[in-house]
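Have a look at run-v2.txt below; it lists compact mmCIF, C-alpha atoms and all ligand atoms.
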```
# COMPACT_ATOMS: atom_id res chain seq x y z
CA MET A 171 -10.56 18.43 -10.76
CA LYS A 172 -7.55 16.25 -11.60
CA SER A 173 -7.83 13.15 -13.81
CA VAL A 174 -6.44 9.87 -12.51
CA ALA A 175 -5.96 6.63 -14.47
CA ILE A 176 -5.31 3.25 -12.89
CA ASN A 177 -3.05 0.98 -14.93
CA GLY A 178 -3.58 -2.56 -13.57
CA TYR A 179 -6.81 -3.43 -11.79
CA GLY A 180 -5.80 -6.25 -9.43
CA THR A 181 -5.53 -6.39 -5.63
CA ILE A 182 -4.10 -2.88 -5.31
CA GLY A 183 -5.45 -1.25 -8.48
CA LYS A 184 -9.11 -1.93 -7.81
CA ARG A 185 -8.80 -0.51 -4.30
CA VAL A 186 -6.98 2.62 -5.49
CA ALA A 187 -9.70 3.06 -8.14
CA ASP A 188 -12.46 2.99 -5.51
CA ALA A 189 -10.46 5.31 -3.24
CA VAL A 190 -9.97 7.86 -6.05
CA ASN A 191 -13.68 7.61 -6.78
CA ALA A 192 -14.43 8.46 -3.14
CA GLN A 193 -12.48 11.79 -3.23
CA ASP A 194 -14.10 15.08 -4.23
CA ASP A 195 -10.96 16.66 -5.71
CA MET A 196 -9.99 14.00 -8.27
CA LYS A 197 -11.74 12.06 -10.99
CA LEU A 198 -11.19 8.44 -12.06
CA ILE A 199 -10.98 8.43 -15.83
CA GLY A 200 -10.35 4.74 -16.37
CA ILE A 201 -8.83 1.43 -15.33
CA SER A 202 -6.93 -1.19 -17.32
CA LYS A 203 -7.16 -4.95 -17.56
CA THR A 204 -5.39 -7.57 -19.64
CA ARG A 205 -7.92 -10.38 -19.06
CA PRO A 206 -11.70 -10.19 -19.62
CA ASN A 207 -12.54 -11.87 -16.30
CA PHE A 208 -15.13 -11.18 -13.59
CA GLU A 209 -13.18 -8.15 -12.32
CA ALA A 210 -13.31 -6.57 -15.78
CA LYS A 211 -17.03 -7.25 -16.01
CA THR A 212 -17.90 -5.87 -12.57
CA ALA A 213 -15.67 -2.80 -13.09
CA VAL A 214 -17.71 -1.86 -16.17
CA GLU A 215 -21.16 -3.14 -15.36
CA LYS A 216 -21.45 -2.65 -11.58
CA LYS A 217 -19.10 0.28 -10.95
CA GLY A 218 -19.43 2.10 -14.27
CA TYR A 219 -15.67 2.47 -14.74
CA ASP A 220 -14.25 3.01 -18.24
CA LEU A 221 -12.09 0.00 -19.09
CA TYR A 222 -9.02 0.14 -21.31
CA ILE A 223 -7.12 -2.94 -22.40
CA GLY A 224 -3.48 -3.49 -21.45
CA ILE A 225 -2.71 -5.84 -24.34
CA PRO A 226 -4.39 -4.51 -27.54
CA GLU A 227 -4.13 -7.91 -29.31
CA ARG A 228 -6.66 -9.23 -26.81
CA GLU A 229 -9.45 -6.88 -27.90
CA HIS A 230 -11.40 -9.77 -29.46
CA LEU A 231 -11.43 -11.62 -26.11
CA PHE A 232 -13.15 -8.67 -24.44
CA LYS A 233 -15.64 -8.48 -27.34
CA GLU A 234 -16.37 -12.22 -27.04
CA ALA A 235 -16.95 -11.75 -23.30
CA GLU A 236 -19.28 -8.83 -24.13
CA ILE A 237 -17.30 -6.39 -22.00
CA GLU A 238 -17.44 -2.83 -23.27
CA ILE A 239 -14.00 -1.28 -23.75
CA SER A 240 -13.11 2.40 -24.08
CA GLY A 241 -9.76 1.91 -25.87
CA ASN A 242 -6.30 0.69 -25.03
CA VAL A 243 -3.95 1.77 -22.24
CA GLU A 244 -2.22 4.40 -24.39
CA ASP A 245 -5.60 6.10 -25.01
CA MET A 246 -6.22 6.14 -21.25
CA VAL A 247 -2.78 7.48 -20.36
CA GLN A 248 -3.15 10.42 -22.74
CA LYS A 249 -6.33 11.57 -20.94
CA ALA A 250 -4.77 11.50 -17.45
CA ASP A 251 -2.96 14.04 -15.28
CA ILE A 252 -1.42 11.12 -13.40
CA VAL A 253 -1.34 7.33 -13.74
CA VAL A 254 -1.28 5.06 -10.70
CA ASP A 255 0.63 2.05 -12.01
CA CYS A 256 -0.62 -1.06 -10.21
CA THR A 257 0.70 -3.63 -12.65
CA PRO A 258 2.74 -6.55 -11.24
CA GLY A 259 6.29 -5.73 -10.13
CA ASN A 260 8.91 -5.36 -12.89
CA ILE A 261 6.47 -4.24 -15.63
CA GLY A 262 7.14 -0.68 -14.46
CA PRO A 263 10.23 0.07 -16.55
CA GLN A 264 8.47 -0.57 -19.88
CA ASN A 265 5.47 1.50 -18.79
CA LEU A 266 7.72 4.38 -17.75
CA GLU A 267 8.72 4.85 -21.39
CA MET A 268 5.04 5.25 -22.30
CA TYR A 269 4.36 7.72 -19.46
CA LYS A 270 7.38 9.77 -20.51
CA GLU A 271 6.31 9.73 -24.14
CA TYR A 272 2.90 11.21 -23.23
CA GLY A 273 4.29 13.54 -20.54
CA VAL A 274 2.11 12.03 -17.82
CA LYS A 275 3.09 11.71 -14.16
CA ALA A 276 3.08 8.24 -12.59
CA ILE A 277 3.00 6.60 -9.19
CA TYR A 278 4.45 3.10 -8.86
CA GLN A 279 3.96 0.46 -6.15
CA GLY A 280 6.30 -1.41 -3.84
CA GLY A 281 6.95 -4.26 -6.29
CA GLU A 282 9.12 -1.88 -8.31
CA ASP A 283 12.61 -0.92 -7.34
CA HIS A 284 13.30 2.47 -5.73
CA ASN A 285 15.82 3.15 -8.51
CA LEU A 286 13.06 3.16 -11.14
CA THR A 287 11.85 6.54 -9.89
CA GLY A 288 14.65 7.57 -7.51
CA LEU A 289 11.88 8.69 -5.14
CA SER A 290 9.74 6.73 -2.71
CA PHE A 291 6.69 7.92 -0.79
CA ASN A 292 5.11 7.69 2.63
CA SER A 293 2.42 10.17 3.72
CA PHE A 294 3.81 10.60 7.24
CA SER A 295 7.57 10.58 6.72
CA ASN A 296 8.39 12.21 3.38
CA TYR A 297 5.30 13.70 1.67
CA ASP A 298 7.31 16.81 0.75
CA SER A 299 9.94 14.87 -1.24
CA SER A 300 7.35 13.92 -3.86
CA TYR A 301 5.67 17.36 -3.98
CA GLY A 302 5.43 18.24 -7.67
CA ALA A 303 7.48 15.18 -8.69
CA ASP A 304 6.85 13.46 -12.03
CA TYR A 305 7.49 9.90 -10.81
CA SER A 306 7.44 8.35 -7.36
CA ARG A 307 6.80 4.99 -5.72
CA VAL A 308 4.51 4.20 -2.79
CA VAL A 309 6.58 1.77 -0.71
CA SER A 310 5.33 -1.78 -0.12
CA CYS A 311 2.69 -2.82 2.41
CA ASN A 312 5.33 -4.03 4.89
CA THR A 313 7.48 -0.92 4.50
CA THR A 314 4.41 1.30 4.87
CA GLY A 315 3.48 -0.54 8.09
CA LEU A 316 6.95 -0.18 9.59
CA THR A 317 7.30 3.44 8.52
CA ARG A 318 3.88 4.44 9.82
CA THR A 319 4.53 3.40 13.42
CA LEU A 320 8.23 4.34 13.46
CA SER A 321 7.59 7.84 12.14
CA THR A 322 4.74 8.25 14.67
CA LEU A 323 7.15 7.37 17.49
CA ASP A 324 9.96 9.54 16.13
CA PRO A 325 9.07 12.80 17.94
CA LEU A 326 8.90 10.98 21.31
CA VAL A 327 11.48 8.24 21.05
CA ASP A 328 15.21 8.77 20.53
CA ILE A 329 15.71 5.72 18.32
CA VAL A 330 19.21 4.24 18.28
CA LYS A 331 18.38 1.22 16.15
CA VAL A 332 15.41 -0.89 15.07
CA ARG A 333 15.38 -4.67 14.65
CA ALA A 334 12.24 -6.23 13.23
CA VAL A 335 11.11 -9.77 12.47
CA MET A 336 8.31 -9.88 9.93
CA VAL A 337 5.92 -12.80 9.55
CA ARG A 338 4.48 -12.47 6.07
CA ARG A 339 1.34 -13.93 4.54
CA GLY A 340 2.08 -16.57 1.88
CA SER A 341 -0.30 -15.09 -0.69
CA ASP A 342 -3.27 -12.78 -1.08
CA PRO A 343 -6.65 -14.46 -0.41
CA ALA A 344 -7.63 -14.89 -4.08
CA GLU A 345 -4.30 -16.33 -5.22
CA ILE A 346 -4.47 -20.10 -5.72
CA LYS A 347 -1.01 -20.84 -7.10
CA LYS A 348 1.21 -19.52 -4.30
CA GLY A 349 2.24 -20.99 -0.97
CA PRO A 350 3.51 -22.26 1.36
CA ILE A 351 0.67 -24.58 2.37
CA ASN A 352 2.49 -26.41 5.15
CA ALA A 353 5.82 -24.77 5.93
CA ILE A 354 7.51 -21.81 7.56
CA VAL A 355 9.87 -20.33 4.99
CA PRO A 356 12.68 -17.91 5.85
CA ASN A 357 12.12 -15.45 3.00
CA PRO A 358 14.68 -14.37 2.16
CA PRO A 359 16.88 -16.88 4.06
CA LYS A 360 19.45 -14.15 4.64
CA VAL A 361 19.78 -11.07 6.79
CA PRO A 362 18.81 -8.34 6.25
CA SER A 363 15.64 -8.76 4.21
CA HIS A 364 14.96 -5.97 1.71
CA HIS A 365 12.40 -4.32 4.02
CA GLY A 366 14.95 -2.51 6.23
CA PRO A 367 16.74 -0.85 3.31
CA ASP A 368 13.34 0.00 1.85
CA VAL A 369 12.29 1.84 5.04
CA LYS A 370 15.44 3.95 4.66
CA THR A 371 14.15 5.22 1.28
CA VAL A 372 11.34 7.06 3.12
CA LEU A 373 12.66 7.46 6.69
CA ASN A 374 15.98 9.18 6.35
CA GLY A 375 18.91 8.12 8.50
CA ILE A 376 17.17 5.40 10.53
CA ASP A 377 19.20 2.32 11.53
CA VAL A 378 16.81 -0.56 10.78
CA THR A 379 17.52 -4.23 10.08
CA THR A 380 14.79 -6.73 9.23
CA MET A 381 14.35 -10.51 8.94
CA ALA A 382 11.34 -12.04 7.18
CA LEU A 383 9.44 -15.33 7.05
CA LEU A 384 6.57 -16.61 4.92
CA VAL A 385 3.80 -18.59 6.62
CA PRO A 386 0.62 -20.37 5.42
CA THR A 387 -1.91 -17.56 5.85
CA THR A 388 -3.51 -15.09 3.45
CA LEU A 389 -5.02 -12.56 5.84
CA MET A 390 -2.31 -10.18 7.07
CA HIS A 391 1.39 -9.74 7.78
CA GLN A 392 2.59 -9.51 11.38
CA HIS A 393 5.66 -7.55 12.60
CA ASN A 394 7.70 -7.83 15.81
CA LEU A 395 9.80 -4.77 16.63
CA MET A 396 12.69 -4.37 19.06
CA ILE A 397 13.95 -0.79 19.30
CA GLU A 398 17.01 0.38 21.18
CA ILE A 399 16.24 3.80 22.63
CA ASN A 400 18.33 6.58 24.12
CA ASN A 401 15.88 8.58 26.24
CA ASP A 402 13.71 8.22 29.30
CA ILE A 403 10.14 7.53 28.19
CA THR A 404 7.28 5.45 29.56
CA THR A 405 5.13 2.76 28.02
CA ASP A 406 2.07 5.00 28.60
CA GLU A 407 3.65 7.81 26.59
CA VAL A 408 4.26 5.38 23.71
CA ILE A 409 0.65 4.16 23.84
CA ASP A 410 -0.59 7.75 23.98
CA ILE A 411 1.30 8.90 20.88
CA LEU A 412 0.21 5.81 18.90
CA GLU A 413 -3.42 6.28 19.99
CA LYS A 414 -3.47 9.90 18.86
CA ARG A 415 -2.15 9.08 15.37
CA SER A 416 -4.66 8.38 12.60
CA ARG A 417 -4.00 5.28 10.44
CA VAL A 418 -2.56 3.56 13.54
CA LEU A 419 -4.87 1.63 15.88
CA VAL A 420 -3.90 0.49 19.36
CA VAL A 421 -5.95 -2.70 19.80
CA ASP A 422 -6.54 -4.95 22.79
CA ALA A 423 -5.95 -8.68 22.46
CA SER A 424 -8.05 -8.98 25.61
CA ASN A 425 -10.98 -7.45 23.71
CA GLY A 426 -11.13 -10.33 21.25
CA LEU A 427 -8.58 -8.87 18.83
CA GLY A 428 -5.68 -11.19 19.65
CA SER A 429 -5.01 -12.44 16.11
CA THR A 430 -4.98 -11.42 12.48
CA ALA A 431 -8.18 -13.45 11.94
CA GLU A 432 -10.02 -11.42 14.58
CA LEU A 433 -8.64 -8.16 13.17
CA MET A 434 -10.08 -9.05 9.78
CA GLU A 435 -13.40 -9.84 11.47
CA TYR A 436 -13.22 -6.39 13.09
CA ALA A 437 -12.81 -4.80 9.64
CA LYS A 438 -15.98 -6.61 8.58
CA GLU A 439 -17.79 -5.25 11.64
CA LEU A 440 -16.70 -1.74 10.64
CA GLY A 441 -18.52 -2.30 7.33
CA ARG A 442 -15.53 -1.34 5.27
CA ASN A 443 -15.37 -1.51 1.48
CA ARG A 444 -13.93 -5.00 0.66
CA ASN A 445 -13.55 -5.56 4.46
CA ASP A 446 -10.30 -3.58 4.37
CA LEU A 447 -8.29 -2.47 7.39
CA TYR A 448 -6.28 0.54 6.20
CA GLU A 449 -4.90 1.27 9.68
CA ILE A 450 -1.87 -0.47 11.26
CA PRO A 451 -3.11 -2.25 14.40
CA VAL A 452 -0.60 -2.38 17.27
CA TRP A 453 -1.32 -4.74 20.16
CA ARG A 454 -1.51 -2.71 23.37
CA GLU A 455 -0.34 -5.65 25.49
CA SER A 456 2.83 -5.99 23.39
CA ILE A 457 3.99 -2.39 23.92
CA ASN A 458 6.66 -2.54 26.60
CA ILE A 459 9.88 -0.83 27.58
CA VAL A 460 12.49 -3.09 29.15
CA GLY A 461 15.75 -1.34 30.06
CA ASN A 462 16.76 0.64 27.00
CA GLU A 463 14.55 -1.32 24.59
CA LEU A 464 11.02 -0.66 23.34
CA TYR A 465 9.05 -3.67 22.07
CA TYR A 466 5.79 -3.91 20.18
CA MET A 467 3.86 -6.17 17.79
CA GLN A 468 1.74 -4.96 14.90
CA ALA A 469 -0.16 -6.30 11.92
CA VAL A 470 -0.52 -5.12 8.32
CA HIS A 471 -3.48 -5.70 6.02
CA GLN A 472 -1.34 -6.10 2.94
CA GLU A 473 -4.17 -5.49 0.47
CA SER A 474 -5.15 -2.09 1.84
CA ASP A 475 -2.66 -0.16 4.02
CA VAL A 476 -1.02 1.42 0.95
CA ILE A 477 -4.31 2.65 -0.56
CA PRO A 478 -4.62 5.96 1.35
CA GLU A 479 -0.90 6.54 0.69
CA ASN A 480 -1.58 6.42 -3.05
CA ILE A 481 -4.28 9.09 -2.68
CA ASP A 482 -1.91 11.36 -0.72
CA ALA A 483 0.83 10.73 -3.30
CA ILE A 484 -1.55 11.94 -6.05
CA ARG A 485 -2.20 15.16 -4.10
CA ALA A 486 1.51 15.74 -3.47
CA MET A 487 2.67 15.07 -7.03
CA LEU A 488 -0.10 17.15 -8.64
CA LYS A 489 0.49 19.95 -6.09
CA MET A 490 -3.13 19.71 -4.95
CA GLU A 491 -2.19 20.03 -1.26
CA LYS A 492 1.07 21.27 0.21
CA ASN A 493 0.47 20.09 3.76
CA ASN A 494 0.67 16.32 4.34
CA GLU A 495 -1.62 16.37 7.40
CA LYS A 496 -4.35 18.17 5.43
CA SER A 497 -4.16 15.54 2.69
CA ILE A 498 -4.14 12.72 5.26
CA ASP A 499 -7.26 14.18 6.93
CA LYS A 500 -9.06 14.61 3.63
CA THR A 501 -8.24 11.07 2.49
CA ASN A 502 -9.21 9.64 5.87
CA LYS A 503 -12.59 11.39 5.89
CA ALA A 504 -13.44 10.26 2.37
CA MET A 505 -12.53 6.62 3.16
CA GLY A 506 -13.78 6.42 6.75
CA ILE A 507 -10.27 5.77 8.09
CA LEU A 508 -9.78 6.01 11.85
N1 LIG B 1 -0.99 -7.57 -3.15
C1 LIG B 1 -0.34 -7.00 -2.17
O1 LIG B 1 -0.38 -7.47 -1.04
C2 LIG B 1 0.46 -5.76 -2.41
C3 LIG B 1 0.63 -4.86 -1.34
C4 LIG B 1 1.34 -3.67 -1.56
C5 LIG B 1 1.91 -3.43 -2.79
N2 LIG B 1 1.76 -4.34 -3.81
C6 LIG B 1 2.37 -4.02 -5.10
O2 LIG B 1 1.34 -3.51 -5.97
C7 LIG B 1 1.63 -3.86 -7.33
C8 LIG B 1 0.44 -4.63 -7.90
O3 LIG B 1 0.28 -5.81 -7.13
P1 LIG B 1 -1.11 -6.57 -7.06
O4 LIG B 1 -1.01 -7.51 -5.92
O5 LIG B 1 -2.24 -5.61 -7.11
O6 LIG B 1 -1.05 -7.38 -8.42
P2 LIG B 1 -2.23 -8.19 -9.14
O7 LIG B 1 -3.33 -8.45 -8.15
O8 LIG B 1 -1.59 -9.33 -9.81
O9 LIG B 1 -2.79 -7.17 -10.22
C9 LIG B 1 -2.00 -6.76 -11.29
C10 LIG B 1 -2.86 -6.07 -12.33
O10 LIG B 1 -2.04 -5.68 -13.44
C11 LIG B 1 -2.58 -6.17 -14.65
N3 LIG B 1 -1.51 -6.57 -15.57
C12 LIG B 1 -0.85 -7.73 -15.61
N4 LIG B 1 0.08 -7.71 -16.61
C13 LIG B 1 -0.03 -6.51 -17.18
C14 LIG B 1 0.62 -5.88 -18.28
N5 LIG B 1 1.58 -6.50 -18.96
N6 LIG B 1 0.23 -4.63 -18.61
C15 LIG B 1 -0.73 -3.98 -17.94
N7 LIG B 1 -1.38 -4.53 -16.89
C16 LIG B 1 -1.03 -5.78 -16.54
C17 LIG B 1 -3.43 -7.33 -14.27
O11 LIG B 1 -4.46 -7.44 -15.23
P3 LIG B 1 -5.32 -8.75 -15.40
O12 LIG B 1 -5.91 -9.07 -14.05
O13 LIG B 1 -6.35 -8.39 -16.37
O14 LIG B 1 -4.37 -9.81 -15.84
C18 LIG B 1 -3.98 -6.91 -12.92
O15 LIG B 1 -5.11 -6.12 -13.09
C19 LIG B 1 2.95 -4.67 -7.28
O16 LIG B 1 4.02 -3.76 -7.44
C20 LIG B 1 2.95 -5.21 -5.86
O17 LIG B 1 4.24 -5.53 -5.40
C21 LIG B 1 1.00 -5.48 -3.65
```

Write out the structure in this file as structure tokens.
Ligand SMILES: NC(=O)c1ccc[n+]([C@@H]2O[C@H](COP(=O)([O-])OP(=O)(O)OC[C@H]3O[C@@H](n4cnc5c(N)ncnc54)[C@H](OP(=O)(O)O)[C@@H]3O)[C@@H](O)[C@H]2O)c1
Amino acid sequence: MKSVAINGYGTIGKRVADAVNAQDDMKLIGISKTRPNFEAKTAVEKKGYDLYIGIPEREHLFKEAEIEISGNVEDMVQKADIVVDCTPGNIGPQNLEMYKEYGVKAIYQGGEDHNLTGLSFNSFSNYDSSYGADYSRVVSCNTTGLTRTLSTLDPLVDIVKVRAVMVRRGSDPAEIKKGPINAIVPNPPKVPSHHGPDVKTVLNGIDVTTMALLVPTTLMHQHNLMIEINNDITTDEVIDILEKRSRVLVVDASNGLGSTAELMEYAKELGRNRNDLYEIPVWRESINIVGNELYYMQAVHQESDVIPENIDAIRAMLKMEKNNEKSIDKTNKAMGIL
């Protein structure tokens, strides 16, 4: 049984913690927080997680809030076989020094630069690259979404180049200080956005260029893909290969799933933990081949699509499973992923 620590218990960290807890081949040994807020309290009191503090000088604040602590982050790191670092982007480099000092492996998230680890991870496209690695990075929610469907299509479609326009949520649902509230913001206002180059860190050799916008919604991202192809395939074959792939869902707008709002309602109907939708939904009606171009539209639940990837990354880096599909199946079963 391998020991996993979660450094940073926010949007991503708390979900990875629950996902680790749901597996039978790994053990959650603790989570970290810097503020003694409701998440800290529920982690300890409702979930029974051991809580370590990220900023030791704040110990008195946790005591005042009557939240039991098990030590500071360094104590937690020393007990772990691997740390999943879910702190906000750019804190990674200082934490890497600590992980190195204690000889502990670490997985970073998409807010960190690829160069921090020199390795990036996606369960479908490059599981093997992180097998046994000390440090890797699960790519961002958008990059995971693009990579998941593109790598699914790869065996069928001779891809010449991919162009994608990504409509991104302005903030996560609980964030109250981010926007926009009433604007469409080219973000970045230059081409390409960083997403295309990021896909190339996990999907070798692909020609992909992306443009991105921010809009006033918190629910999901939405992607529009235009793919130049070089072989004779049918729309039905594309639908078939996407339907057969786990973690990808072909959904029907005509069945009441024509928007991100309805997709989130669907996740609630499924009774998922935190109402998460780990799969990448692709709208069936949008899948179309016109001449030598394949088009489709998909959505990404930014808070959750990367969670199963983190579990597979743990298995790869700790050499718990050599075969990516076996890890994917195991993770899917434990989390109820379709
Ligand atoms: N949110 C998304 O949609 C999303 C999707 C995919 C990937 N990511 C990536 O995942 C990573 C985490 O993002 P997030 O959205 O989960 O962030 P978040 O919700 O802001 O959570 C960050 C967590 O890190 C803790 N923290 C803050 N400063 C810290 C420090 N100096 N030392 C240790 N811990 C500290 C916070 O603790 P307190 O709460 O106690 O302050 C909080 O628990 C980022 O790289 C992000 O780019 C995010």

> Leaving out stretch 309-325 of chain A and any residue of its chain fewer than 4 positions from it, which residues lie within 8 Å of it when counting all atoms listed in the file, given as a VMD selection string?
Replying inline: chain A and resid 279 to 281 290 to 292 294 to 295 329 365 to 366 368 to 369 372 to 373 391 408 411 to 412 415 417 to 418 450 469 to 476

> From the set A:Val243, A:Ile457, A:Ala235, A:Ala504, which residue has the shortest atom-to-atom contact distance to ligand LIG 1 (chain B), counting all atoms listed in the file?
Replying inline: A:Val243

Nearby residues, ligand LIG 1 (chain B), 9 Å, all atoms listed in the file, as a compact mmCIF listing (two decimals) with C-alpha atoms, in the coordinates of the input:
```txt
# COMPACT_ATOMS: atom_id res chain seq x y z
CA ASN A 177 -3.05 0.98 -14.93
CA GLY A 178 -3.58 -2.56 -13.57
CA TYR A 179 -6.81 -3.43 -11.79
CA GLY A 180 -5.80 -6.25 -9.43
CA THR A 181 -5.53 -6.39 -5.63
CA ILE A 182 -4.10 -2.88 -5.31
CA GLY A 183 -5.45 -1.25 -8.48
CA LYS A 184 -9.11 -1.93 -7.81
CA ARG A 185 -8.80 -0.51 -4.30
CA ILE A 201 -8.83 1.43 -15.33
CA SER A 202 -6.93 -1.19 -17.32
CA LYS A 203 -7.16 -4.95 -17.56
CA THR A 204 -5.39 -7.57 -19.64
CA ARG A 205 -7.92 -10.38 -19.06
CA PRO A 206 -11.70 -10.19 -19.62
CA ASN A 207 -12.54 -11.87 -16.30
CA GLU A 209 -13.18 -8.15 -12.32
CA ALA A 210 -13.31 -6.57 -15.78
CA ILE A 223 -7.12 -2.94 -22.40
CA GLY A 224 -3.48 -3.49 -21.45
CA ILE A 225 -2.71 -5.84 -24.34
CA VAL A 243 -3.95 1.77 -22.24
CA ASP A 255 0.63 2.05 -12.01
CA CYS A 256 -0.62 -1.06 -10.21
CA THR A 257 0.70 -3.63 -12.65
CA PRO A 258 2.74 -6.55 -11.24
CA GLY A 259 6.29 -5.73 -10.13
CA ASN A 260 8.91 -5.36 -12.89
CA ILE A 261 6.47 -4.24 -15.63
CA GLY A 262 7.14 -0.68 -14.46
CA ASN A 265 5.47 1.50 -18.79
CA TYR A 278 4.45 3.10 -8.86
CA GLN A 279 3.96 0.46 -6.15
CA GLY A 280 6.30 -1.41 -3.84
CA GLY A 281 6.95 -4.26 -6.29
CA GLU A 282 9.12 -1.88 -8.31
CA VAL A 308 4.51 4.20 -2.79
CA VAL A 309 6.58 1.77 -0.71
CA SER A 310 5.33 -1.78 -0.12
CA CYS A 311 2.69 -2.82 2.41
CA ASN A 312 5.33 -4.03 4.89
CA THR A 314 4.41 1.30 4.87
CA ARG A 339 1.34 -13.93 4.54
CA SER A 341 -0.30 -15.09 -0.69
CA ASP A 342 -3.27 -12.78 -1.08
CA ALA A 344 -7.63 -14.89 -4.08
CA GLU A 345 -4.30 -16.33 -5.22
CA MET A 390 -2.31 -10.18 7.07
CA HIS A 471 -3.48 -5.70 6.02
CA GLN A 472 -1.34 -6.10 2.94
CA GLU A 473 -4.17 -5.49 0.47
CA SER A 474 -5.15 -2.09 1.84
CA ASP A 475 -2.66 -0.16 4.02
CA VAL A 476 -1.02 1.42 0.95
CA ILE A 477 -4.31 2.65 -0.56
```

>> Using all atoms listed in the file for the distances, tell me which of A:Val452, A:Leu447, A:Leu286, A:Ala303 is nearest to A:Leu419.
In response: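 Selected residue with least distance to A:Leu419: A:Val452.
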
>> Given only C-alpha atoms as the basis, pick out the residue of A:Leu221, A:Ala382, A:Ile176, A:Ala189 nearest to A:Lys275.
In response: A:Ile176

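Going from atom CA of A:Asn285 to atom CA of A:Tyr305 covers 11.0 Å.
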
> Which distance in Å separates atom CA of A:Lys414 and atom CA of A:Met396, to one decimal?
Replying inline: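 About the pair atom CA of A:Lys414 and atom CA of A:Met396: they are 21.6 Å apart.
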